[in-house]
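This report concerns only the one structure given below.
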Amino acid sequence: MKKYWKTILISLIIVTTIGSYYIQQAMAKNVSFKIETTNGDKGEIDNLIIHASYQSVDIYRSLDISKDGSTNQSESFIRELKGRYYPEMFQKYIQEHRKFMRGKEASPGQYFEDEDRLIYTIFSNKEDRGDSFTLQIDILDKNTNESSSFEVNMPDQVRYDWINESDVYVENGKIKILATSNLNNEEELHLYTVDENKKELEQDSIIAKIESEEISRASIYIFNEYKKVQNENYILYMVEKYKFLEDGEREIISSPMYLYNYLNNEEKEWTIPAELKPYKHSIILQGTYIFIPVRSTNGLVLNRYNIEKNQWEEPISFKYPSIANAKEKPSIQITDGKLYLVDRVSDGHLFLIGDLRTGESLYEGKIINENKENRDADYSLFIEQIYNNIH
């Protein structure tokens with residue numbers, strides 16, 4: 001009898017899931033957006049795709065928006081049940097290197113790529129060894145499509161609850177992995193250096209360490225672009241100590257920032273100006289620049305610090321009538337010397353492309369809802385990634 005009840009219960013769950021899915025599809029079938037040009041070079045968006053999340057009441061949809069309209073990435077029922085959406089870079093990896101990508105996680109912080117190779121790194125628990133870890137490194141030669149792999153044992157005394165990879169830097173036969181580890185709520189930021197030829201751990205450097213305290217708590221923030229899998233020569237991170245007040249708000253005790261240089265393994269403290277401290281969580285590190293965007297109802301000011309010259313440069317201003325609310329923050333992406341900005345305005349979402357070398361606006365447009373009569377006035381559109389769809 002229990003067997004039949006189990007079968008009935010599974011059938012009910014499947015029917016309910018399918019029913020809920022199609023009800024939601026019916027409610028959301030008219031969600032459709034496109035990019036409409038208002039000023040500038042239309043060629044800037046010829047191959048551009050904006051991957052976004054649409055939210056309205058209980059409806060959630062994942063969309064790819066272009067000048068021609070939007071594609072609903074949740075149309076596949078099986079994919080929605082699995083909850084599996086790969087960012088564009090991983091769709092490309094799976095399409096071109098399916099065998100190598102089999103069983104690998106879709107986390108950019110675990111990968112390195114250049115013209116010749118794709119490298120994947122992962123820390124995993126040793127079998128029957130509790131919290132002891134091994135590091136596995138898989139290497140694909142993109143020219144021959146041949147792959148190799150090897151494992152590196154962590155010292156027996158190194159034991160953690162978990163280790164999360166954040167960045168992979170490769171140069172001159174050295175594979176450097178930036179990773180955060182945790183043991184009993186005490187967090188550490190490590191830089192593991194592996195000798196690729198000897199296939200062994202050369203160095204384990206603890207860059208930052210926070211210990212649990214009764215009065216205060218602490219967090220480590222890394223400001224590097226998470227989705228980038230090519231080498232970045234610098235790491236910018238912050239160790240923030242804080243305590244919770246009676247009303248639930250956080251009181252910051254200290255928040256020093258540090259710049260680490262991969263090239264010479266040097267670290268120095270980096271000081272942010274007092275007037276920009278309220279915006280420190282919005283910092284973007286890109287190449288040799290640290291950008292701090294400051295938003296207002298008049299638009300956006302992009303403050304910029306040149307790491308190699310060790311100086312602040314003239315801010316770049318982009319003027320537009322922003323709503324500037326806390327609910328829907330602007331999406332800012334900096335790629336190849338260009339600023340890609342999406343921000344909420346009174347009649348939708350502004351889309352702006354700016355040249356960071358000249359400070360000029362290259363393109364201005366709007367992301368508009370093509371079915372305005374069915375639009376929920378309280379909807380939100382969250383931009384997750386902007387990329388060129390060139391194959």
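Chains: A, B, ... in order of the structure tokens. Residues: from 1 per chain. Ligands: from 1, in order shown.
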
| DSSP helix (DSSP H, G or I) residues within range 188-291 of chain A, as a ChimeraX atom specification | /A:274-282

| message | List the spatial neighbours of Glu308 in chain A as a list of chain:residue names - criterion: any atom at most 12 Å away, only C-alpha atoms, same-chain residues fewer than 6 positions off excluded. | response | A:Asn233, A:Tyr234, A:Leu259, A:Asn261, A:Gly287, A:Thr288, A:Tyr289, A:Ile290

Hey, can you spit out that residue selection with N, CA and C atoms as a short mmCIF file (atom, residue, chain, number, x, y, z; two decimals), in the first residue's frame?
data_model
loop_
_atom_site.label_atom_id
_atom_site.label_comp_id
_atom_site.auth_asym_id
_atom_site.auth_seq_id
_atom_site.Cartn_x
_atom_site.Cartn_y
_atom_site.Cartn_z
N ASN A 233 45.90 41.49 -13.67
CA ASN A 233 47.17 41.59 -12.94
C ASN A 233 47.01 42.01 -11.49
N TYR A 234 45.82 42.51 -11.15
CA TYR A 234 45.62 43.01 -9.78
C TYR A 234 44.40 42.37 -9.13
N LEU A 259 45.40 46.15 -2.37
CA LEU A 259 45.69 45.81 -3.76
C LEU A 259 46.81 44.78 -3.79
N ASN A 261 49.30 42.57 -6.32
CA ASN A 261 49.84 42.53 -7.67
C ASN A 261 50.34 41.12 -7.99
N GLY A 287 41.15 45.94 -15.48
CA GLY A 287 42.48 46.22 -16.01
C GLY A 287 43.33 46.95 -15.00
N THR A 288 43.78 48.14 -15.34
CA THR A 288 44.63 48.94 -14.45
C THR A 288 43.84 50.07 -13.80
N TYR A 289 42.53 49.98 -13.83
CA TYR A 289 41.69 51.04 -13.25
C TYR A 289 40.75 50.49 -12.17
N ILE A 290 40.52 51.34 -11.17
CA ILE A 290 39.48 51.09 -10.17
C ILE A 290 38.40 52.14 -10.42
#

| request: Counting only C-alpha atoms, figure out which residue out of A:Arg217, A:His349, A:Lys228, A:Lys176 gets nearest to Gln203 in chain A. | output: A:Lys176

| request: Within 12 Å of Gln230 in chain A, counting only C-alpha atoms, which residues show up once you throw out same-chain ones fewer than 4 positions away? Write them as a list in words, please. | output: Pro108, Gly109, Gln110, Tyr111, Phe112, Glu113, Asp114, Glu115, Asp116, Arg117, Leu118, Ile119, Asp167, Val168, Tyr169, Val170, Glu171, Asn224, Glu225, Tyr226, Gln286 and Gly287 of chain A

Write the residues you've just listed into a file as a CSV table (one decimal), in the first residue's frame, and include N, CA and C atoms for each of them.
chain,number,residue,atom,x,y,z
A,108,PRO,N,32.8,31.0,-13.2
A,108,PRO,CA,33.9,31.6,-13.9
A,108,PRO,C,35.2,31.7,-13.1
A,109,GLY,N,35.0,31.8,-11.7
A,109,GLY,CA,36.2,31.8,-10.8
A,109,GLY,C,37.0,30.6,-10.8
A,110,GLN,N,36.6,29.5,-11.5
A,110,GLN,CA,37.3,28.3,-11.5
A,110,GLN,C,38.1,28.1,-12.9
A,111,TYR,N,38.0,29.1,-13.8
A,111,TYR,CA,38.5,28.9,-15.1
A,111,TYR,C,39.6,30.0,-15.5
A,112,PHE,N,40.5,29.6,-16.4
A,112,PHE,CA,41.4,30.5,-17.1
A,112,PHE,C,41.3,30.1,-18.5
A,113,GLU,N,41.4,31.2,-19.4
A,113,GLU,CA,41.4,30.9,-20.8
A,113,GLU,C,42.3,31.9,-21.5
A,114,ASP,N,43.0,31.5,-22.5
A,114,ASP,CA,43.8,32.3,-23.4
A,114,ASP,C,43.5,31.8,-24.8
A,115,GLU,N,44.4,32.2,-25.8
A,115,GLU,CA,44.2,31.7,-27.2
A,115,GLU,C,44.4,30.2,-27.3
A,116,ASP,N,45.2,29.7,-26.5
A,116,ASP,CA,45.6,28.3,-26.7
A,116,ASP,C,45.0,27.3,-25.7
A,117,ARG,N,44.7,27.7,-24.5
A,117,ARG,CA,44.3,26.8,-23.5
A,117,ARG,C,43.0,27.2,-22.7
A,118,LEU,N,42.3,26.2,-22.2
A,118,LEU,CA,41.2,26.4,-21.2
A,118,LEU,C,41.6,25.6,-20.0
A,119,ILE,N,41.7,26.2,-18.9
A,119,ILE,CA,42.1,25.5,-17.6
A,119,ILE,C,40.9,25.6,-16.6
A,167,ASP,N,39.4,33.1,-8.5
A,167,ASP,CA,40.1,33.6,-9.7
A,167,ASP,C,41.2,32.6,-10.0
A,168,VAL,N,41.6,32.5,-11.3
A,168,VAL,CA,42.7,31.7,-11.7
A,168,VAL,C,43.6,32.6,-12.6
A,169,TYR,N,44.9,32.7,-12.2
A,169,TYR,CA,45.9,33.5,-12.9
A,169,TYR,C,47.0,32.5,-13.4
A,170,VAL,N,47.4,32.6,-14.7
A,170,VAL,CA,48.3,31.6,-15.2
A,170,VAL,C,49.4,32.4,-16.0
A,171,GLU,N,50.7,32.1,-15.6
A,171,GLU,CA,51.8,32.8,-16.3
A,171,GLU,C,53.1,32.0,-16.0
A,224,ASN,N,37.2,42.1,-8.0
A,224,ASN,CA,37.5,41.8,-9.4
A,224,ASN,C,36.3,41.4,-10.1
A,225,GLU,N,36.3,41.5,-11.4
A,225,GLU,CA,35.2,41.1,-12.3
A,225,GLU,C,35.1,39.6,-12.2
A,226,TYR,N,34.0,39.1,-11.6
A,226,TYR,CA,33.9,37.7,-11.4
A,226,TYR,C,33.8,36.9,-12.7
A,286,GLN,N,38.9,46.9,-13.2
A,286,GLN,CA,39.0,46.5,-14.6
A,286,GLN,C,40.3,46.9,-15.2
A,287,GLY,N,41.1,45.9,-15.5
A,287,GLY,CA,42.5,46.2,-16.0
A,287,GLY,C,43.3,47.0,-15.0

| remark: note - CA of Asn143 in chain A and CA of Tyr192 in chain A are separated by 27.6 Å

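Nearest residue to Ile206 in chain A among A:Ile334, A:Val229, A:Leu191, A:Ile220 is A:Leu191, counting only C-alpha atoms.
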
| Residues near Glu202 in chain A, cut-off 12 Å, only C-alpha atoms, skip fewer than 2 positions along chain, as a ChimeraX atom specification | /A:152-155,173-177,191-200,204-205

| task | Excluding Trp312 in chain A and any residue of its chain fewer than 6 positions from it, enumerate the residues within 10 Å of it, using only C-alpha atoms, and give them as a PyMOL selection string. | result | chain A and resi 289-291+303-306

| task | Identify, on the basis of only C-alpha atoms, every residue whose closest approach to Phe90 in chain A does not exceed 12 Å; exclude the query and any residue fewer than 3 positions from it along the same chain; express the result as a list in words. | result | Arg84, Tyr85, Tyr86, Pro87, Tyr93, Ile94, Gln95, Glu96, His97, Arg98, Phe100, Met101, Arg102, Lys104, Glu105, Ala106, Ser107, Pro108, Tyr111, Leu118, Lys227, Lys228 and Val229 of chain A

Could you save the residues just selected, with N, CA, C and O atoms, as a short mmCIF file (atom, residue, chain, number, x, y, z; two decimals), in the first residue's frame?
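Output saved as selection.cif:
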data_model
loop_
_atom_site.label_atom_id
_atom_site.label_comp_id
_atom_site.auth_asym_id
_atom_site.auth_seq_id
_atom_site.Cartn_x
_atom_site.Cartn_y
_atom_site.Cartn_z
N ARG A 84 18.56 25.07 -14.69
CA ARG A 84 19.94 25.13 -15.20
C ARG A 84 20.02 26.12 -16.35
O ARG A 84 19.53 25.86 -17.44
N TYR A 85 20.62 27.27 -16.09
CA TYR A 85 20.88 28.23 -17.18
C TYR A 85 22.38 28.54 -17.19
O TYR A 85 22.94 28.92 -16.17
N TYR A 86 23.00 28.35 -18.33
CA TYR A 86 24.43 28.63 -18.44
C TYR A 86 24.64 30.03 -19.00
O TYR A 86 24.05 30.38 -20.01
N PRO A 87 25.50 30.83 -18.36
CA PRO A 87 25.87 32.11 -18.96
C PRO A 87 26.45 31.89 -20.34
O PRO A 87 26.88 30.79 -20.69
N TYR A 93 31.50 27.33 -24.32
CA TYR A 93 32.42 26.26 -23.94
C TYR A 93 31.80 24.89 -24.19
O TYR A 93 32.46 23.98 -24.70
N ILE A 94 30.53 24.74 -23.81
CA ILE A 94 29.87 23.44 -23.96
C ILE A 94 29.70 23.10 -25.44
O ILE A 94 29.88 21.95 -25.86
N GLN A 95 29.38 24.11 -26.24
CA GLN A 95 29.20 23.89 -27.67
C GLN A 95 30.52 23.50 -28.34
O GLN A 95 30.55 22.60 -29.19
N GLU A 96 31.62 24.15 -27.96
CA GLU A 96 32.90 23.92 -28.64
C GLU A 96 33.73 22.82 -27.99
O GLU A 96 34.54 22.19 -28.66
N HIS A 97 33.56 22.59 -26.68
CA HIS A 97 34.41 21.63 -25.96
C HIS A 97 33.54 20.73 -25.07
O HIS A 97 33.76 20.63 -23.87
N ARG A 98 32.56 20.12 -25.67
CA ARG A 98 31.56 19.37 -24.92
C ARG A 98 32.19 18.28 -24.04
O ARG A 98 31.83 18.11 -22.89
N PHE A 100 35.29 18.04 -22.83
CA PHE A 100 36.08 18.62 -21.74
C PHE A 100 35.18 19.18 -20.65
O PHE A 100 35.48 19.09 -19.46
N MET A 101 34.04 19.78 -21.03
CA MET A 101 33.16 20.45 -20.08
C MET A 101 32.25 19.50 -19.32
O MET A 101 31.60 19.92 -18.35
N ARG A 102 32.23 18.24 -19.72
CA ARG A 102 31.30 17.30 -19.09
C ARG A 102 31.57 17.18 -17.58
O ARG A 102 32.68 16.90 -17.15
N LYS A 104 31.61 19.54 -15.34
CA LYS A 104 32.28 20.70 -14.71
C LYS A 104 31.27 21.76 -14.29
O LYS A 104 30.21 21.91 -14.89
N GLU A 105 31.61 22.49 -13.24
CA GLU A 105 30.74 23.54 -12.72
C GLU A 105 30.82 24.79 -13.59
O GLU A 105 31.86 25.09 -14.17
N ALA A 106 29.70 25.51 -13.66
CA ALA A 106 29.65 26.74 -14.46
C ALA A 106 29.94 27.94 -13.56
O ALA A 106 29.09 28.78 -13.30
N SER A 107 31.17 28.01 -13.07
CA SER A 107 31.59 29.09 -12.18
C SER A 107 32.84 29.74 -12.76
O SER A 107 33.90 29.11 -12.81
N PRO A 108 32.75 30.99 -13.25
CA PRO A 108 33.90 31.63 -13.92
C PRO A 108 35.16 31.68 -13.06
O PRO A 108 36.27 31.65 -13.60
N TYR A 111 37.98 29.08 -13.78
CA TYR A 111 38.51 28.91 -15.12
C TYR A 111 39.57 29.96 -15.48
O TYR A 111 39.55 31.09 -14.97
N LEU A 118 42.33 26.22 -22.20
CA LEU A 118 41.25 26.42 -21.24
C LEU A 118 41.58 25.58 -20.03
O LEU A 118 41.81 24.36 -20.15
N LYS A 227 33.16 37.44 -13.72
CA LYS A 227 32.88 36.68 -14.94
C LYS A 227 34.05 36.65 -15.92
O LYS A 227 33.96 36.02 -16.96
N LYS A 228 35.14 37.33 -15.58
CA LYS A 228 36.28 37.36 -16.49
C LYS A 228 37.18 36.16 -16.24
O LYS A 228 37.59 35.90 -15.11
N VAL A 229 37.54 35.44 -17.31
CA VAL A 229 38.37 34.24 -17.15
C VAL A 229 39.78 34.45 -17.72
O VAL A 229 40.58 33.52 -17.73
#

| Looking only at the backbone, which of the residues in range 102-299 of chain A does DSSP tag as strand (DSSP E), as a PyMOL selection string? | chain A and resi 111-113+117-125+133-141+146-153+162-171+174-183+186-195+200-210+217-222+234-244+250-254+257-261+266-270+284-286+289-296+299

| Near Leu300 in chain A, counting only C-alpha atoms, which residues have an atom at most 8 Å away, once you skip same-chain residues fewer than 4 positions from it, shown as a list in words? |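 Within the cut-off, the hits are Pro293, Val294, Arg295, Ser296, Ser317, Phe318, Lys319 and Tyr320 of chain A.
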
Keeping C-alpha atoms, export the residues of the selection given above as a CSV table (one decimal), in the first residue's frame.
chain,number,residue,atom,x,y,z
A,293,PRO,CA,30.2,54.8,-9.9
A,294,VAL,CA,28.1,57.4,-8.0
A,295,ARG,CA,24.4,57.6,-9.1
A,296,SER,CA,22.0,60.5,-8.6
A,317,SER,CA,29.9,62.1,-16.1
A,318,PHE,CA,26.9,60.7,-18.0
A,319,LYS,CA,23.8,62.8,-17.6
A,320,TYR,CA,20.2,61.4,-17.8

| Given the choices A:Ile210, A:Ile284, A:Met257, A:Tyr387, which gets closest to Phe223 in chain A if the distance is worked out from only C-alpha atoms? |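 Among the listed residues, the smallest separation from Phe223 in chain A belongs to A:Ile284.
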